[in-house]
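input27.cif (mmCIF, C-alpha atoms)
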```
data_run
#
loop_
_atom_site.label_atom_id
_atom_site.label_comp_id
_atom_site.auth_asym_id
_atom_site.auth_seq_id
_atom_site.Cartn_x
_atom_site.Cartn_y
_atom_site.Cartn_z
CA MET N 1 6.06 42.94 -149.03
CA ARG N 2 5.64 41.43 -152.49
CA ALA N 3 8.98 42.83 -153.59
CA ALA N 4 10.62 41.41 -150.50
CA SER N 5 9.33 37.91 -151.15
CA ARG N 6 10.43 38.18 -154.79
CA LEU N 7 13.91 39.17 -153.63
CA LEU N 8 13.93 36.25 -151.23
CA ALA N 9 12.98 33.85 -154.03
CA ILE N 10 15.76 35.20 -156.27
CA ALA N 11 18.26 34.81 -153.43
CA ALA N 12 17.13 31.23 -152.84
CA VAL N 13 17.50 30.36 -156.52
CA ALA N 14 20.94 31.98 -156.61
CA ALA N 15 22.01 30.04 -153.53
CA ALA N 16 20.75 26.80 -155.06
CA LEU N 17 22.64 27.50 -158.28
CA THR N 18 25.81 28.22 -156.32
CA ALA N 19 25.42 24.94 -154.45
CA CYS N 20 24.86 23.07 -157.71
CA ASP N 21 28.00 24.66 -159.11
CA LYS N 22 30.10 23.29 -156.25
CA ALA N 23 28.68 19.82 -155.80
CA PRO N 24 29.95 17.27 -158.28
CA ALA N 25 27.05 16.30 -160.54
CA ALA N 26 27.99 12.69 -161.26
CA PRO N 27 31.03 10.45 -161.17
CA ASP N 28 31.57 10.83 -164.92
CA ALA N 29 31.62 14.60 -164.61
CA VAL N 30 34.22 14.35 -161.86
CA LEU N 31 36.39 12.04 -163.97
CA ASP N 32 36.14 14.50 -166.84
CA GLY N 33 37.10 17.33 -164.51
CA TRP N 34 40.27 15.52 -163.49
CA LYS N 35 41.19 14.88 -167.11
CA LYS N 36 40.56 18.49 -168.03
CA ALA N 37 42.79 19.56 -165.16
CA GLY N 38 45.64 17.70 -166.84
CA LEU N 39 45.77 14.76 -164.44
CA GLN N 40 46.55 11.29 -165.74
CA VAL N 41 43.41 9.32 -165.03
CA SER N 42 43.49 5.53 -165.46
CA ALA N 43 40.45 3.46 -166.38
CA PHE N 44 38.08 3.38 -163.41
CA THR N 45 36.49 0.02 -162.69
CA ALA N 46 33.67 -1.04 -160.39
CA ALA N 47 34.77 -1.43 -156.78
CA GLN N 48 33.25 -2.94 -153.64
CA GLY N 49 31.04 -0.36 -152.00
CA ALA N 50 29.91 -2.56 -149.12
CA GLY N 51 32.73 -1.40 -146.87
CA LEU N 52 32.02 2.18 -147.83
CA GLY N 53 28.48 2.55 -146.63
CA GLY N 54 26.87 0.73 -149.52
CA GLY N 55 27.73 3.26 -152.19
CA THR N 56 28.14 2.56 -155.86
CA CYS N 57 31.90 2.78 -156.18
CA GLN N 58 34.57 2.73 -158.82
CA SER N 59 38.30 2.95 -158.42
CA GLY N 60 41.44 3.65 -160.39
CA THR N 61 44.57 5.75 -160.19
CA ILE N 62 45.25 9.41 -160.85
CA ASN N 63 48.88 10.20 -161.52
CA VAL N 64 50.42 8.14 -158.74
CA VAL N 65 47.65 7.87 -156.16
CA ASP N 66 44.79 5.40 -155.66
CA VAL N 67 41.34 6.90 -156.00
CA THR N 68 37.90 5.55 -155.16
CA LEU N 69 34.78 7.45 -156.09
CA CYS N 70 31.41 6.47 -154.68
CA HIS N 71 27.89 7.64 -155.29
CA TYR N 72 25.10 7.42 -152.68
CA ALA N 73 21.38 7.75 -152.54
CA ASP N 74 21.63 10.93 -150.50
CA GLU N 75 24.11 13.38 -149.02
CA LYS N 76 23.71 11.99 -145.52
CA ALA N 77 24.84 8.53 -146.63
CA ALA N 78 27.86 10.00 -148.40
CA LYS N 79 28.85 11.99 -145.31
CA ALA N 80 28.36 8.95 -143.07
CA ALA N 81 30.78 6.94 -145.23
CA GLU N 82 33.71 9.35 -144.65
CA GLU N 83 35.06 7.44 -141.63
CA ALA N 84 34.87 4.12 -143.49
CA GLY N 85 36.79 5.80 -146.30
CA LEU N 86 39.53 6.86 -143.90
CA ALA N 87 39.77 3.28 -142.66
CA THR N 88 40.54 2.12 -146.21
CA VAL N 89 43.32 4.73 -146.43
CA GLY N 90 45.08 2.77 -143.68
CA ASP N 91 48.67 3.75 -143.03
CA ALA N 92 48.94 5.92 -146.12
CA THR N 93 48.50 9.65 -146.49
CA GLY N 94 45.04 10.23 -147.82
CA VAL N 95 41.65 11.87 -147.80
CA SER N 96 38.05 10.82 -147.50
CA ILE N 97 35.70 13.65 -148.35
CA ALA N 98 31.99 13.74 -149.03
CA GLN N 99 30.60 16.36 -151.34
CA GLY N 100 26.94 16.22 -152.16
CA LYS N 101 26.00 12.58 -152.81
CA MET N 102 29.56 11.58 -153.60
CA LEU N 103 32.50 10.35 -151.60
CA LEU N 104 36.12 10.68 -152.69
CA VAL N 105 38.76 8.48 -151.12
CA VAL N 106 42.39 9.02 -152.10
CA ALA N 107 45.37 7.10 -150.74
CA ASP N 108 49.05 7.51 -151.49
CA ARG N 109 49.94 3.89 -150.75
CA ARG N 110 53.17 3.93 -152.76
CA LYS N 111 54.41 7.12 -151.10
CA ALA N 112 54.77 8.57 -154.58
CA ASP N 113 53.20 11.92 -153.76
CA PRO N 114 55.23 13.04 -150.73
CA SER N 115 54.36 16.72 -151.12
CA GLY N 116 50.66 15.93 -151.57
CA LYS N 117 50.44 18.03 -154.73
CA THR N 118 48.53 15.39 -156.69
CA ILE N 119 46.13 14.71 -153.84
CA ASP N 120 45.59 18.45 -153.46
CA GLN N 121 44.71 18.83 -157.13
CA VAL N 122 42.43 15.78 -157.11
CA THR N 123 40.50 17.08 -154.11
CA LYS N 124 40.26 20.61 -155.46
CA VAL N 125 38.72 19.44 -158.71
CA PHE N 126 36.32 17.19 -156.79
CA ARG N 127 35.24 20.04 -154.54
CA GLY N 128 35.01 22.52 -157.39
CA ARG N 129 37.82 24.63 -156.02
CA GLN N 130 40.33 24.32 -158.81
CA LYS N 131 41.67 27.79 -159.59
CA MET L 1 66.86 -23.43 -120.19
CA LYS L 2 67.17 -20.44 -117.85
CA ARG L 3 68.73 -18.43 -120.65
CA TRP L 4 65.65 -19.08 -122.80
CA HIS L 5 63.43 -17.87 -120.00
CA LEU L 6 65.45 -14.70 -119.75
CA LEU L 7 65.23 -14.07 -123.51
CA LEU L 8 61.49 -14.72 -123.45
CA PHE L 9 61.09 -12.32 -120.54
CA ILE L 10 63.02 -9.60 -122.38
CA ALA L 11 61.01 -10.13 -125.57
CA ILE L 12 57.71 -9.85 -123.71
CA GLY L 13 58.96 -6.74 -121.95
CA CYS L 14 60.00 -5.13 -125.24
CA ILE L 15 56.57 -5.73 -126.74
CA ALA L 16 54.74 -4.54 -123.65
CA PHE L 17 56.68 -1.32 -123.25
CA ALA L 18 57.41 -0.42 -126.88
CA PRO L 19 56.23 3.11 -127.92
CA ARG L 20 52.64 2.95 -129.06
CA ALA L 21 52.82 3.90 -132.73
CA ALA L 22 50.05 1.59 -133.73
CA SER L 23 46.41 1.62 -132.79
CA ALA L 24 44.56 -1.31 -131.30
CA GLY L 25 43.89 -2.71 -134.75
CA GLY L 26 47.60 -2.92 -135.48
CA ARG L 27 47.28 0.01 -137.86
CA ALA L 28 49.28 3.18 -137.31
CA LYS L 29 47.15 5.89 -135.80
CA GLN L 30 45.89 8.43 -138.29
CA VAL L 31 46.36 12.09 -137.44
CA LYS L 32 43.96 14.57 -139.00
CA TYR L 33 45.13 17.76 -140.68
CA ILE L 34 43.44 20.51 -142.60
CA GLY L 35 45.37 22.96 -144.75
CA VAL L 36 48.97 23.21 -145.81
CA HIS L 37 51.50 22.23 -143.15
CA PRO L 38 55.14 21.28 -142.66
CA ILE L 39 56.07 17.61 -142.74
CA PRO L 40 58.23 16.62 -139.77
CA ARG L 41 61.81 15.86 -140.70
CA VAL L 42 61.43 12.27 -139.45
CA ALA L 43 58.63 11.82 -141.99
CA GLY L 44 60.63 13.27 -144.89
CA GLY L 45 60.43 17.01 -144.30
CA GLY L 46 59.15 19.69 -146.64
CA ILE L 47 55.57 20.86 -147.02
CA CYS L 48 52.34 18.95 -147.43
CA HIS L 49 50.25 20.81 -150.03
CA ILE L 50 46.90 19.15 -149.31
CA GLU L 51 44.44 21.86 -148.32
CA ALA L 52 41.44 19.57 -147.86
CA PRO L 53 40.93 17.56 -144.66
CA HIS L 54 43.41 14.69 -144.79
CA VAL L 55 45.31 12.18 -142.68
CA HIS L 56 48.91 11.21 -142.08
CA ILE L 57 50.37 8.71 -139.69
CA TYR L 58 52.57 11.32 -138.05
CA GLY L 59 51.67 14.08 -135.64
CA PRO L 60 52.72 17.75 -135.72
CA ASP L 61 56.36 18.19 -134.76
CA VAL L 62 55.83 21.67 -133.28
CA LYS L 63 52.48 21.84 -131.53
CA LEU L 64 52.73 25.62 -131.09
CA ASN L 65 52.46 25.93 -134.87
CA TYR L 66 49.01 24.37 -134.86
CA ARG L 67 45.48 25.11 -133.72
CA ASP L 68 42.65 22.65 -133.38
CA HIS L 69 40.01 23.21 -136.01
CA ARG L 70 37.08 20.93 -135.26
CA GLY L 71 39.30 17.94 -134.61
CA TYR L 72 41.84 18.70 -137.31
CA ASN L 73 45.34 20.13 -136.88
CA HIS L 74 45.58 23.45 -138.70
CA PHE L 75 48.99 25.06 -139.25
CA VAL L 76 49.07 28.78 -138.47
CA GLY L 77 52.82 29.32 -138.82
CA ASP L 78 54.98 30.59 -141.66
CA PRO L 79 55.07 27.90 -144.36
CA VAL L 80 57.93 29.59 -146.23
CA ALA L 81 60.19 28.72 -143.30
CA TYR L 82 59.58 25.08 -144.20
CA GLY L 83 59.96 25.36 -147.97
CA TRP L 84 56.55 26.55 -149.20
CA ASP L 85 56.88 27.90 -152.74
CA GLY L 86 53.24 28.77 -153.43
CA PRO L 87 51.36 32.05 -153.02
CA ARG L 88 52.53 34.14 -150.11
CA TYR L 89 51.32 37.21 -148.27
CA SER L 90 53.44 39.30 -145.93
CA TYR L 91 52.36 40.13 -142.38
CA TYR L 92 54.02 41.97 -139.54
CA GLY L 93 53.43 40.85 -135.98
CA HIS L 94 50.49 39.11 -134.39
CA HIS L 95 47.12 38.89 -136.11
CA PRO L 96 43.92 36.86 -136.29
CA VAL L 97 43.34 34.09 -138.82
CA ASP L 98 39.84 33.12 -139.88
CA VAL L 99 40.45 29.39 -140.19
CA ASP L 100 37.05 28.67 -141.74
CA VAL L 101 37.85 30.98 -144.63
CA VAL L 102 41.38 29.63 -145.03
CA VAL L 103 40.24 26.02 -145.25
CA GLY L 104 36.98 26.76 -147.05
CA ASP L 105 34.64 25.46 -144.37
CA GLU L 106 31.11 26.20 -145.42
CA ASP L 107 29.22 25.35 -142.28
CA ASP L 108 26.88 27.92 -140.85
CA GLY L 109 28.46 27.93 -137.42
CA GLU L 110 30.49 30.68 -135.87
CA ASP L 111 33.81 31.36 -137.56
CA ASP L 112 36.85 29.78 -135.96
CA VAL L 113 39.19 32.72 -135.45
CA GLU L 114 42.65 31.79 -134.21
CA TYR L 115 45.68 34.01 -133.70
CA CYS L 116 49.14 33.93 -135.21
CA TYR L 117 51.75 34.94 -132.62
CA LEU L 118 54.72 35.28 -134.92
CA ASN L 119 56.75 38.38 -134.19
CA GLY L 120 58.01 40.65 -136.94
CA PRO L 121 57.79 39.93 -140.64
CA HIS L 122 56.48 36.58 -141.77
CA PHE L 123 54.44 34.94 -144.49
CA HIS L 124 51.19 33.05 -144.78
CA TYR L 125 49.75 31.45 -147.87
CA TYR L 126 46.56 33.47 -147.55
CA ALA L 127 45.53 37.09 -147.32
CA PRO L 128 43.32 38.20 -144.42
CA ALA L 129 39.75 36.94 -144.75
CA PRO L 130 37.30 39.52 -146.17
CA VAL L 131 35.52 39.74 -142.80
CA LEU L 132 38.80 40.79 -141.21
CA THR L 133 40.27 43.10 -143.85
CA ALA L 134 38.90 46.19 -142.12
CA ASP L 135 41.15 45.32 -139.18
CA PHE L 136 44.28 45.27 -141.29
CA GLU L 137 46.34 48.11 -142.74
CA VAL L 138 48.53 47.50 -145.72
CA GLN L 139 51.78 49.38 -145.54
CA GLY L 140 54.89 48.51 -147.49
CA ASP L 141 53.02 45.58 -149.09
CA VAL L 142 52.64 44.10 -145.63
CA TYR L 143 49.51 43.40 -143.58
CA TRP L 144 49.49 45.03 -140.12
CA TYR L 145 46.74 44.10 -137.71
CA VAL L 146 45.17 47.26 -136.30
CA GLY L 147 42.01 45.72 -134.85
CA LYS L 148 41.12 44.90 -131.29
CA PRO L 149 42.02 41.32 -130.46
CA SER L 150 39.69 39.16 -128.40
CA PRO L 151 40.46 38.23 -124.79
CA VAL L 152 41.28 34.76 -126.12
CA TYR L 153 44.31 36.25 -127.84
CA VAL L 154 45.55 37.88 -124.64
CA ASP L 155 44.93 34.77 -122.53
CA ALA L 156 46.76 32.40 -124.84
CA ARG L 157 49.60 34.75 -125.64
CA PRO L 158 52.07 33.82 -122.86
CA GLU L 159 52.05 30.22 -124.04
CA LEU L 160 51.68 30.59 -127.79
CA VAL L 161 54.19 33.42 -128.23
CA LYS L 162 56.84 30.83 -127.45
CA VAL L 163 56.53 29.71 -131.05
CA ASN L 164 58.97 32.48 -131.95
CA ALA L 165 61.79 30.51 -130.38
CA VAL L 166 61.11 27.86 -133.00
CA TYR L 167 61.53 30.34 -135.86
CA THR L 168 64.56 32.20 -134.51
CA PRO L 169 67.10 29.63 -135.70
CA LEU L 170 65.36 29.07 -139.05
CA VAL L 171 67.22 30.82 -141.82
CA TYR L 172 65.00 31.74 -144.75
CA ALA L 173 64.03 34.81 -146.75
CA ARG L 174 61.57 36.65 -144.57
CA PRO L 175 59.52 39.54 -145.95
CA VAL L 176 61.52 42.71 -146.36
CA VAL L 177 59.60 45.45 -144.62
CA GLU L 178 60.44 48.97 -145.71
CA VAL L 179 58.44 51.20 -143.39
CA THR L 180 59.75 53.70 -140.91
CA THR L 181 56.82 53.58 -138.50
CA PRO L 182 54.03 51.07 -138.12
CA PRO L 183 50.48 52.21 -138.94
CA PRO L 184 48.47 53.83 -136.15
CA GLY L 185 46.60 51.28 -134.09
CA TRP L 186 48.95 48.44 -134.97
CA ILE L 187 48.53 45.70 -132.38
CA GLY L 188 52.21 45.82 -131.50
CA ALA L 189 51.81 49.39 -130.34
CA THR L 190 48.49 49.20 -128.54
CA ILE L 191 48.30 45.94 -126.65
CA GLU L 192 50.26 45.08 -123.58
CA VAL L 193 52.27 42.10 -124.61
CA SER L 194 54.68 41.65 -121.76
CA ALA L 195 54.86 42.06 -118.06
CA PRO L 196 54.85 45.72 -117.07
CA ALA L 197 58.27 47.05 -117.74
CA VAL L 198 59.96 50.41 -117.65
CA VAL L 199 61.95 51.17 -120.72
CA VAL L 200 64.87 53.42 -120.14
CA GLY L 201 66.86 54.53 -123.13
CA ALA L 202 67.39 52.72 -126.35
CA PRO L 203 68.31 49.08 -126.50
CA PRO L 204 71.83 48.07 -127.43
CA PRO L 205 72.71 48.29 -131.09
CA VAL L 206 72.20 45.39 -133.43
CA VAL L 207 75.35 44.46 -135.27
CA VAL L 208 74.87 42.96 -138.68
CA GLU L 209 77.73 41.94 -140.88
CA ARG L 210 77.10 42.89 -144.47
CA PRO L 211 77.96 40.09 -146.90
CA HIS L 212 80.16 40.84 -149.89
CA VAL L 213 77.71 40.46 -152.71
CA HIS L 214 77.42 42.61 -155.79
CA GLY L 215 74.13 44.23 -156.74
CA ALA L 216 70.98 44.44 -154.65
CA VAL L 217 71.09 42.35 -151.56
CA GLY L 218 68.22 41.11 -149.44
CA VAL L 219 69.47 39.28 -146.42
CA GLY L 220 67.32 37.41 -143.93
CA VAL L 221 69.06 37.16 -140.62
CA SER L 222 67.81 34.40 -138.41
CA ALA L 223 67.33 36.40 -135.25
CA GLY L 224 64.36 38.15 -136.76
CA VAL L 225 66.43 41.00 -138.09
CA GLU L 226 65.97 41.89 -141.72
CA VAL L 227 68.58 43.80 -143.59
CA HIS L 228 67.86 45.05 -147.06
CA VAL L 229 70.68 46.75 -148.87
CA PRO L 230 69.71 48.09 -152.26
CA THR L 231 72.45 49.65 -154.35
CA PRO L 232 73.65 52.29 -154.73
CA SER L 233 72.05 53.76 -151.61
CA LEU L 234 72.18 51.92 -148.32
CA SER L 235 69.19 51.45 -146.07
CA VAL L 236 68.61 49.14 -143.19
CA GLN L 237 65.31 47.91 -141.84
CA ILE L 238 64.85 45.92 -138.73
CA GLY L 239 62.36 43.20 -139.40
CA GLY L 240 61.90 42.05 -135.88
CA PRO L 241 62.48 45.20 -133.95
CA ALA L 242 62.58 45.14 -130.23
CA VAL L 243 59.25 46.71 -129.39
CA VAL L 244 58.07 46.99 -125.85
CA VAL L 245 54.41 47.36 -125.75
CA GLY L 246 52.75 48.73 -122.73
CA ALA L 247 49.20 49.59 -121.86
CA ARG L 248 49.85 53.13 -123.01
CA PRO L 249 50.37 53.94 -126.65
CA ALA L 250 53.82 52.75 -127.59
CA VAL L 251 56.54 55.17 -128.46
CA VAL L 252 58.80 53.87 -131.13
CA HIS L 253 62.36 54.73 -130.29
CA GLU L 254 65.07 54.87 -132.84
CA ARG L 255 67.43 52.03 -132.54
CA GLU L 256 71.03 52.06 -133.58
CA VAL L 257 72.10 49.50 -136.11
CA ILE L 258 75.69 49.00 -137.07
CA VAL L 259 76.39 47.38 -140.39
CA VAL L 260 79.91 46.05 -140.53
CA ASP L 261 81.45 46.23 -143.95
CA ARG L 262 84.77 44.49 -144.06
CA LYS L 263 85.98 46.69 -146.90
CA HIS L 264 84.72 50.11 -145.88
CA GLY L 265 84.40 49.95 -142.13
CA LYS L 266 81.29 50.54 -140.00
CA HIS L 267 78.14 52.40 -141.01
CA LYS L 268 75.64 53.47 -138.42
CA HIS L 269 71.96 53.56 -139.23
CA ARG L 270 68.87 54.07 -137.26
CA GLY L 271 65.91 51.77 -137.28
CA TRP L 272 62.91 51.79 -135.01
CA GLY L 273 62.15 49.71 -132.04
CA ARG L 274 61.27 49.99 -128.44
CA GLY L 275 62.42 48.10 -125.45
CA LYS L 276 61.99 44.39 -125.25
CA GLY L 277 59.78 41.84 -126.84
CA ARG L 278 59.66 41.54 -130.58
CA TRP L 279 56.70 41.74 -132.90
#
```
The structure given in the file should be rewritten as structure tokens.
Amino acid sequence: MRAASRLLAIAAVAAALTACDKAPAAPDAVLDGWKKAGLQVSAFTAAQGAGLGGGTCQSGTINVVDVTLCHYADEKAAKAAEEAGLATVGDATGVSIAQGKMLLVVADRRKADPSGKTIDQVTKVFRGRQK
Amino acid sequence: MKRWHLLLFIAIGCIAFAPRAASAGGRAKQVKYIGVHPIPRVAGGGICHIEAPHVHIYGPDVKLNYRDHRGYNHFVGDPVAYGWDGPRYSYYGHHPVDVDVVVGDEDDGEDDVEYCYLNGPHFHYYAPAPVLTADFEVQGDVYWYVGKPSPVYVDARPELVKVNAVYTPLVYARPVVEVTTPPPGWIGATIEVSAPAVVVGAPPPVVVERPHVHGAVGVGVSAGVEVHVPTPSLSVQIGGPAVVVGARPAVVHEREVIVVDRKHGKHKHRGWGRGKGRW
């Protein structure tokens, strides 16, 4: 019984560590991840977060696409802001994905990434799925 | 004055009955996708590489190529046919696709398993999901589904198998399958896939004209027939063999293939196949 509960505790810790590994820790860490992945990351400046569920947002460009990165008080708020993020994408190809307490909004407003390769790389780094 | 009225009337009519490309807010309607998918020719063509959930302002051009995955369009066709140059895995015939695994969905709900209804050899950009690998046999570097499909597969088949008509005219390098007989239990040999039919004799021969190319030749023929001609020996495989699949275990008949060589005349070879309906 004791051994079983110990095993359960180890499994819980392992699961938590796995989750931590996937969720982006902080906006700065995400920006670093993009740079390390070889993407051209512009300076990110503070952006209006009111239209994005009240998050603390910053925006810039990566390669040829517009990127906004927001941080929220909790995961629920980040998830709830996904639809608002899509609204800001407008007529462009884009994504609005929450991961942990963060929201990533990418829009290809200049149609400069027709194959979506840059957006794919940006999202993979954000989600911790870069191979 | 009357002419102005007429022009005004026409203008109002044009606005009222114009195709609705825009939503109520004046913005084009976003269409949700998840995973790699072809871009319709009218939107530029090629392949969209975004695997994460994303939006475009165009819808899928071939609905049969897509399945709904929790509100998102997910492409289950062969991306190589549309220009995909990334990782590729060869399959033969119909098989399940665990969409959650393909797109990396981490929710705790039941897995969304859809079926690919492409006949014969084709590619996907993913290998079978680990939970499904036991239901696949690898033979000739190709995945063959040997599991038992769900009733959902059988029910949807008459409609979704029509997707093959979309791929027939597409000319691209399909997987070259070098096996003489499919693995035991392969879905194409165990599941009834067409209306009950009696197969009498072998189907008519397939005539393939061999191109005049030096060295090894791998030729994808659009009608689902694959011809692979390595030098110096000559062998012919039929990628999309005519296989009739009945309720009883299928018998794979030999099928005559004639390769026409303009220089050296005809060569006859035997492939395998059975009756009608291709896999």
With the cut-off set at 8 Å and counting only C-alpha atoms, tabulate each residue of chain L with an atom at most that distance from an atom of chain N, showing the nearest atom pair and its distance in Å to one decimal, ordered by chain and increasing number, as JSON lines.
```
{"residue": "L:Arg27", "atom": "CA", "partner": "N:Asp91", "partner_atom": "CA", "distance": 6.5}
{"residue": "L:Ala28", "atom": "CA", "partner": "N:Asp91", "partner_atom": "CA", "distance": 5.8}
{"residue": "L:Lys29", "atom": "CA", "partner": "N:Asp91", "partner_atom": "CA", "distance": 7.7}
{"residue": "L:Gln30", "atom": "CA", "partner": "N:Asp91", "partner_atom": "CA", "distance": 7.2}
{"residue": "L:Gly44", "atom": "CA", "partner": "N:Pro114", "partner_atom": "CA", "distance": 8.0}
{"residue": "L:Gly46", "atom": "CA", "partner": "N:Ser115", "partner_atom": "CA", "distance": 7.2}
{"residue": "L:Ile47", "atom": "CA", "partner": "N:Ser115", "partner_atom": "CA", "distance": 6.0}
{"residue": "L:Cys48", "atom": "CA", "partner": "N:Ser115", "partner_atom": "CA", "distance": 4.8}
{"residue": "L:His49", "atom": "CA", "partner": "N:Gly116", "partner_atom": "CA", "distance": 5.1}
{"residue": "L:Ile50", "atom": "CA", "partner": "N:Asp120", "partner_atom": "CA", "distance": 4.4}
{"residue": "L:Glu51", "atom": "CA", "partner": "N:Asp120", "partner_atom": "CA", "distance": 6.3}
{"residue": "L:Ala52", "atom": "CA", "partner": "N:Thr123", "partner_atom": "CA", "distance": 6.8}
{"residue": "L:Pro53", "atom": "CA", "partner": "N:Val95", "partner_atom": "CA", "distance": 6.5}
{"residue": "L:His54", "atom": "CA", "partner": "N:Val95", "partner_atom": "CA", "distance": 4.5}
{"residue": "L:Val55", "atom": "CA", "partner": "N:Gly94", "partner_atom": "CA", "distance": 5.5}
{"residue": "L:His56", "atom": "CA", "partner": "N:Thr93", "partner_atom": "CA", "distance": 4.7}
{"residue": "L:Ile57", "atom": "CA", "partner": "N:Asp91", "partner_atom": "CA", "distance": 6.2}
```
Evaluate the PyMOL selection byres ((chain L and resi 137) around 12) here and jot the selected residues down as a ChimeraX atom specification. /L:90-92,95,127-128,132-136,138-147,182-187
May I have the protein, DNA and RNA residues with any atom at most 12 Å from the point (30.6, 5.9, -145.8), counting all atoms listed in the file, written as JSON, numbers by chain? {"N": [49, 50, 51, 52, 53, 54, 55, 56, 57, 68, 69, 70, 71, 72, 73, 74, 75, 76, 77, 78, 79, 80, 81, 82, 83, 84, 85, 86, 87, 88, 96, 97, 98, 99, 101, 102, 103, 104, 105]}
Taking into account all atoms listed in the file, which residue in the set L:Val131, L:Val97, L:Val62, L:Val171 is nearest to Tyr117 of chain L? L:Val97
Work out how far atom CA of Val179 of chain L is from atom CA of Lys162 of chain L, in Å to one decimal.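 Between atom CA of Lys162 of chain L and atom CA of Val179 of chain L the gap works out to 25.9 Å.
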Rounded to one decimal, what separation in Å do you get between atom CA of Ile34 of chain L and atom CA of Gly71 of chain L? 9.4 Å
To one decimal in Å, tell me the separation between atom CA of Asp112 of chain L and atom CA of Pro130 of chain L. 14.1 Å
Within 12 Å of Lys35 of chain N, counting all atoms listed in the file, which residues qualify if same-chain residues fewer than 4 places away don't, as a PyMOL selection string? chain N and resi 28-31+39-43+61-63+121-122+125-126
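The residue set within 8 Å of Pro60 of chain L, counting only C-alpha atoms and dropping same-chain residues fewer than 4 places from it, reads Ile39, Pro40, Tyr66 and Asn73 of chain L.
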Under the PyMOL selection byres ((chain L and resi 69) around 10), which residues of this model are included? Write them out as JSON, numbers by chain. {"L": [32, 33, 34, 66, 67, 68, 70, 71, 72, 73, 74, 75, 99, 100, 103, 112, 113, 114]}
Cut-off 6 Å around (38.7, 2.9, -162.3) with all atoms listed in the file: residues as a ChimeraX atom specification: /N:43-45,58-60
Could you work out an axis-aligned bounding box for all listed atoms of segment 29-46 of chain N, with 4 Å added on each of the six sides, and give its centre and edge lengths in Å to one decimal, as AutoDock Vina command-line options?
```
--center_x 39.1 --center_y 9.3 --center_z -164.2 --size_x 22.9 --size_y 28.6 --size_z 15.6
```
